[in-house]
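Engineer: Handing you a structure now.
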Amino acid sequence: MRLHIVPGQFMVEHLPHATLPEDDEWVALVRAPEGLTVIRDASPFAETERWVGFYGDTAHGLDLPGVLAGIVGPLAEAGVPVFVASTYHSDLVLVPEHRSGQAAEALRGAGHRVEN
């Protein structure tokens, strides 16, 4: 699979008592019983953990098994943590910014093409 490194960096927030964010500056939202998870573009001024995104450029159906496992499996073997947000067509796999080089190397080692 060909994966693109998404331009910019992201931050992941947990808002335990929110049902919607207070603004519209978000990339993805997941509402769960324990609160709201928000993925945002990381502000250059925020002191937070920064994440880099890998996104597949090949759309796959919801009934195609193993696509996400083929990405997160090599990252798990390399000891790289992930946070995933799936779309209808592909998956946004976030890794900590300081581990992005190691993640790209692990993905290439598993046969993926990683491009900027």
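Residue numbering restarts at 1 for every chain of the structure tokens, chains are lettered A, B, ... in their displayed order, and ligands are numbered from 1 as they appear.
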Show which residues sit within 12 Å of His17 of chain A, as a PDB file with C-alpha atoms, in the first residue's frame. Count only C-alpha atoms, and ignore same-chain residues fewer than 6 positions away.
Structural biologist:
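Result written to around-v2.pdb:
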ATOM      1  CA  ARG A  31     -17.897  10.504  21.049  1.00  0.00           C
ATOM      2  CA  ALA A  32     -17.850   7.678  23.588  1.00  0.00           C
ATOM      3  CA  PRO A  33     -19.369   7.084  27.036  1.00  0.00           C
ATOM      4  CA  GLU A  34     -16.181   8.414  28.679  1.00  0.00           C
ATOM      5  CA  GLY A  35     -16.249  11.691  26.736  1.00  0.00           C
ATOM      6  CA  LEU A  36     -15.161  13.243  23.486  1.00  0.00           C
ATOM      7  CA  THR A  37     -11.882  12.552  21.710  1.00  0.00           C
TER       8      THR A  37
END
Engineer: Neighbours of Ser100 of chain A within 10 Å (only C-alpha atoms; same-chain residues fewer than 3 positions away dropped), as a list of chain:residue names?
Structural biologist: A:Ile5, A:Trp51, A:Val52, A:Gly53, A:Phe54, A:Val80, A:Leu94, A:Val95, A:Pro96, A:Glu97, A:Ala103, A:Ala104, A:Glu105, A:Ala106
Engineer: Can you list, as a list of chain:residue names, all residues belonging to segment 12-116 of chain A that DSSP tags as alpha helix (DSSP H)?
Structural biologist: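 Residues meeting the alpha helix (DSSP H) criterion: A:Val67, A:Leu68, A:Ala69, A:Gly70, A:Ile71, A:Val72, A:Gly73, A:Pro74, A:Leu75, A:Ala76, A:Glu77, A:Ser100, A:Gly101, A:Gln102, A:Ala103, A:Ala104, A:Glu105, A:Ala106, A:Leu107, A:Arg108, A:Gly109.
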Engineer: Using backbone DSSP assignments, extract all strand (DSSP E or B) residues from segment 2-112 of chain A; output them as a PyMOL selection string.
Structural biologist: chain A and resi 2-5+10-15+28-32+35-41+51-56+83-86+91-96
Engineer: Okay, now the selection with N, CA and C atoms, as an mmCIF file, in the first residue's frame?
Structural biologist:
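Final output, saved to out.cif:
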data_model
loop_
_atom_site.group_PDB
_atom_site.id
_atom_site.type_symbol
_atom_site.label_atom_id
_atom_site.label_comp_id
_atom_site.auth_asym_id
_atom_site.auth_seq_id
_atom_site.Cartn_x
_atom_site.Cartn_y
_atom_site.Cartn_z
ATOM 1 N N ARG A 2 0.409 2.265 -0.660
ATOM 2 C CA ARG A 2 1.128 3.543 -0.647
ATOM 3 C C ARG A 2 0.517 4.418 0.447
ATOM 4 N N LEU A 3 1.387 4.917 1.316
ATOM 5 C CA LEU A 3 0.971 5.785 2.418
ATOM 6 C C LEU A 3 1.609 7.144 2.252
ATOM 7 N N HIS A 4 0.839 8.162 2.519
ATOM 8 C CA HIS A 4 1.352 9.534 2.482
ATOM 9 C C HIS A 4 1.503 10.037 3.907
ATOM 10 N N ILE A 5 2.573 10.780 4.146
ATOM 11 C CA ILE A 5 2.709 11.477 5.419
ATOM 12 C C ILE A 5 1.910 12.772 5.279
ATOM 13 N N PHE A 10 -0.453 16.868 14.421
ATOM 14 C CA PHE A 10 -1.754 16.793 15.071
ATOM 15 C C PHE A 10 -1.584 16.715 16.580
ATOM 16 N N MET A 11 -2.662 17.003 17.278
ATOM 17 C CA MET A 11 -2.732 16.769 18.715
ATOM 18 C C MET A 11 -4.029 16.026 18.986
ATOM 19 N N VAL A 12 -4.015 15.207 20.034
ATOM 20 C CA VAL A 12 -5.179 14.415 20.416
ATOM 21 C C VAL A 12 -5.599 14.874 21.809
ATOM 22 N N GLU A 13 -6.871 15.221 21.939
ATOM 23 C CA GLU A 13 -7.396 15.706 23.217
ATOM 24 C C GLU A 13 -8.525 14.795 23.697
ATOM 25 N N HIS A 14 -8.659 14.698 25.001
ATOM 26 C CA HIS A 14 -9.802 14.025 25.595
ATOM 27 C C HIS A 14 -10.579 15.059 26.398
ATOM 28 N N LEU A 15 -11.839 15.228 26.059
ATOM 29 C CA LEU A 15 -12.722 16.162 26.767
ATOM 30 C C LEU A 15 -13.787 15.323 27.466
ATOM 31 N N ALA A 28 -11.047 15.351 13.466
ATOM 32 C CA ALA A 28 -11.914 14.192 13.688
ATOM 33 C C ALA A 28 -12.439 14.222 15.119
ATOM 34 N N LEU A 29 -13.649 13.717 15.283
ATOM 35 C CA LEU A 29 -14.291 13.623 16.596
ATOM 36 C C LEU A 29 -14.777 12.199 16.813
ATOM 37 N N VAL A 30 -14.614 11.710 18.028
ATOM 38 C CA VAL A 30 -15.197 10.425 18.394
ATOM 39 C C VAL A 30 -15.852 10.610 19.753
ATOM 40 N N ARG A 31 -17.161 10.378 19.795
ATOM 41 C CA ARG A 31 -17.897 10.504 21.049
ATOM 42 C C ARG A 31 -18.089 9.111 21.636
ATOM 43 N N ALA A 32 -17.735 8.959 22.894
ATOM 44 C CA ALA A 32 -17.850 7.678 23.588
ATOM 45 C C ALA A 32 -18.410 7.926 24.981
ATOM 46 N N GLY A 35 -16.476 10.320 27.173
ATOM 47 C CA GLY A 35 -16.249 11.691 26.736
ATOM 48 C C GLY A 35 -15.937 11.787 25.258
ATOM 49 N N LEU A 36 -15.427 12.926 24.885
ATOM 50 C CA LEU A 36 -15.161 13.243 23.486
ATOM 51 C C LEU A 36 -13.661 13.208 23.226
ATOM 52 N N THR A 37 -13.265 12.535 22.163
ATOM 53 C CA THR A 37 -11.882 12.552 21.710
ATOM 54 C C THR A 37 -11.823 13.438 20.479
ATOM 55 N N VAL A 38 -10.876 14.377 20.477
ATOM 56 C CA VAL A 38 -10.760 15.354 19.401
ATOM 57 C C VAL A 38 -9.349 15.285 18.817
ATOM 58 N N ILE A 39 -9.272 15.167 17.502
ATOM 59 C CA ILE A 39 -7.996 15.275 16.798
ATOM 60 C C ILE A 39 -7.995 16.631 16.123
ATOM 61 N N ARG A 40 -6.941 17.402 16.386
ATOM 62 C CA ARG A 40 -6.814 18.754 15.835
ATOM 63 C C ARG A 40 -5.451 18.925 15.185
ATOM 64 N N ASP A 41 -5.353 19.927 14.305
ATOM 65 C CA ASP A 41 -4.035 20.367 13.858
ATOM 66 C C ASP A 41 -3.345 20.953 15.078
ATOM 67 N N TRP A 51 1.660 14.575 16.994
ATOM 68 C CA TRP A 51 1.503 13.331 16.249
ATOM 69 C C TRP A 51 1.654 13.613 14.760
ATOM 70 N N VAL A 52 2.202 12.644 14.044
ATOM 71 C CA VAL A 52 2.340 12.706 12.586
ATOM 72 C C VAL A 52 1.401 11.665 11.997
ATOM 73 N N GLY A 53 0.735 12.027 10.902
ATOM 74 C CA GLY A 53 -0.247 11.128 10.306
ATOM 75 C C GLY A 53 0.242 10.442 9.043
ATOM 76 N N PHE A 54 -0.073 9.163 8.931
ATOM 77 C CA PHE A 54 0.127 8.374 7.716
ATOM 78 C C PHE A 54 -1.268 8.030 7.200
ATOM 79 N N TYR A 55 -1.500 8.269 5.898
ATOM 80 C CA TYR A 55 -2.829 8.054 5.319
ATOM 81 C C TYR A 55 -2.690 7.297 4.016
ATOM 82 N N GLY A 56 -3.442 6.228 3.881
ATOM 83 C CA GLY A 56 -3.413 5.429 2.655
ATOM 84 C C GLY A 56 -4.083 6.142 1.509
ATOM 85 N N PHE A 83 -2.398 6.009 17.178
ATOM 86 C CA PHE A 83 -3.772 6.428 17.420
ATOM 87 C C PHE A 83 -4.411 6.466 16.041
ATOM 88 N N VAL A 84 -5.552 5.833 15.873
ATOM 89 C CA VAL A 84 -6.141 5.669 14.552
ATOM 90 C C VAL A 84 -7.512 6.329 14.477
ATOM 91 N N ALA A 85 -7.736 7.033 13.386
ATOM 92 C CA ALA A 85 -9.061 7.541 13.038
ATOM 93 C C ALA A 85 -9.364 7.027 11.643
ATOM 94 N N SER A 86 -10.427 6.277 11.515
ATOM 95 C CA SER A 86 -10.764 5.701 10.221
ATOM 96 C C SER A 86 -11.793 6.557 9.503
ATOM 97 N N ASP A 91 -7.596 4.966 6.423
ATOM 98 C CA ASP A 91 -7.335 5.136 7.848
ATOM 99 C C ASP A 91 -6.233 6.171 8.040
ATOM 100 N N LEU A 92 -6.431 7.058 8.997
ATOM 101 C CA LEU A 92 -5.412 8.013 9.401
ATOM 102 C C LEU A 92 -4.723 7.409 10.618
ATOM 103 N N VAL A 93 -3.473 7.008 10.445
ATOM 104 C CA VAL A 93 -2.715 6.383 11.518
ATOM 105 C C VAL A 93 -1.733 7.414 12.052
ATOM 106 N N LEU A 94 -1.943 7.824 13.296
ATOM 107 C CA LEU A 94 -1.085 8.812 13.934
ATOM 108 C C LEU A 94 -0.028 8.113 14.784
ATOM 109 N N VAL A 95 1.196 8.634 14.714
ATOM 110 C CA VAL A 95 2.296 8.149 15.555
ATOM 111 C C VAL A 95 2.924 9.371 16.219
ATOM 112 N N PRO A 96 3.508 9.205 17.394
ATOM 113 C CA PRO A 96 4.178 10.351 18.028
ATOM 114 C C PRO A 96 5.237 10.935 17.093
#
Engineer: Measuring atom to atom with only C-alpha atoms, identify which of A:Arg108, A:Arg99, A:Arg113, A:His89 is nearest to Gly61 of chain A.
Structural biologist: A:His89
Engineer: I need the residue nearest Val27 of chain A from this list: A:Glu77, A:Gln9, A:Pro44, A:Asp57. Use only C-alpha atoms for the distance.
Structural biologist: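 The answer is A:Gln9, which sits nearest to Val27 of chain A.
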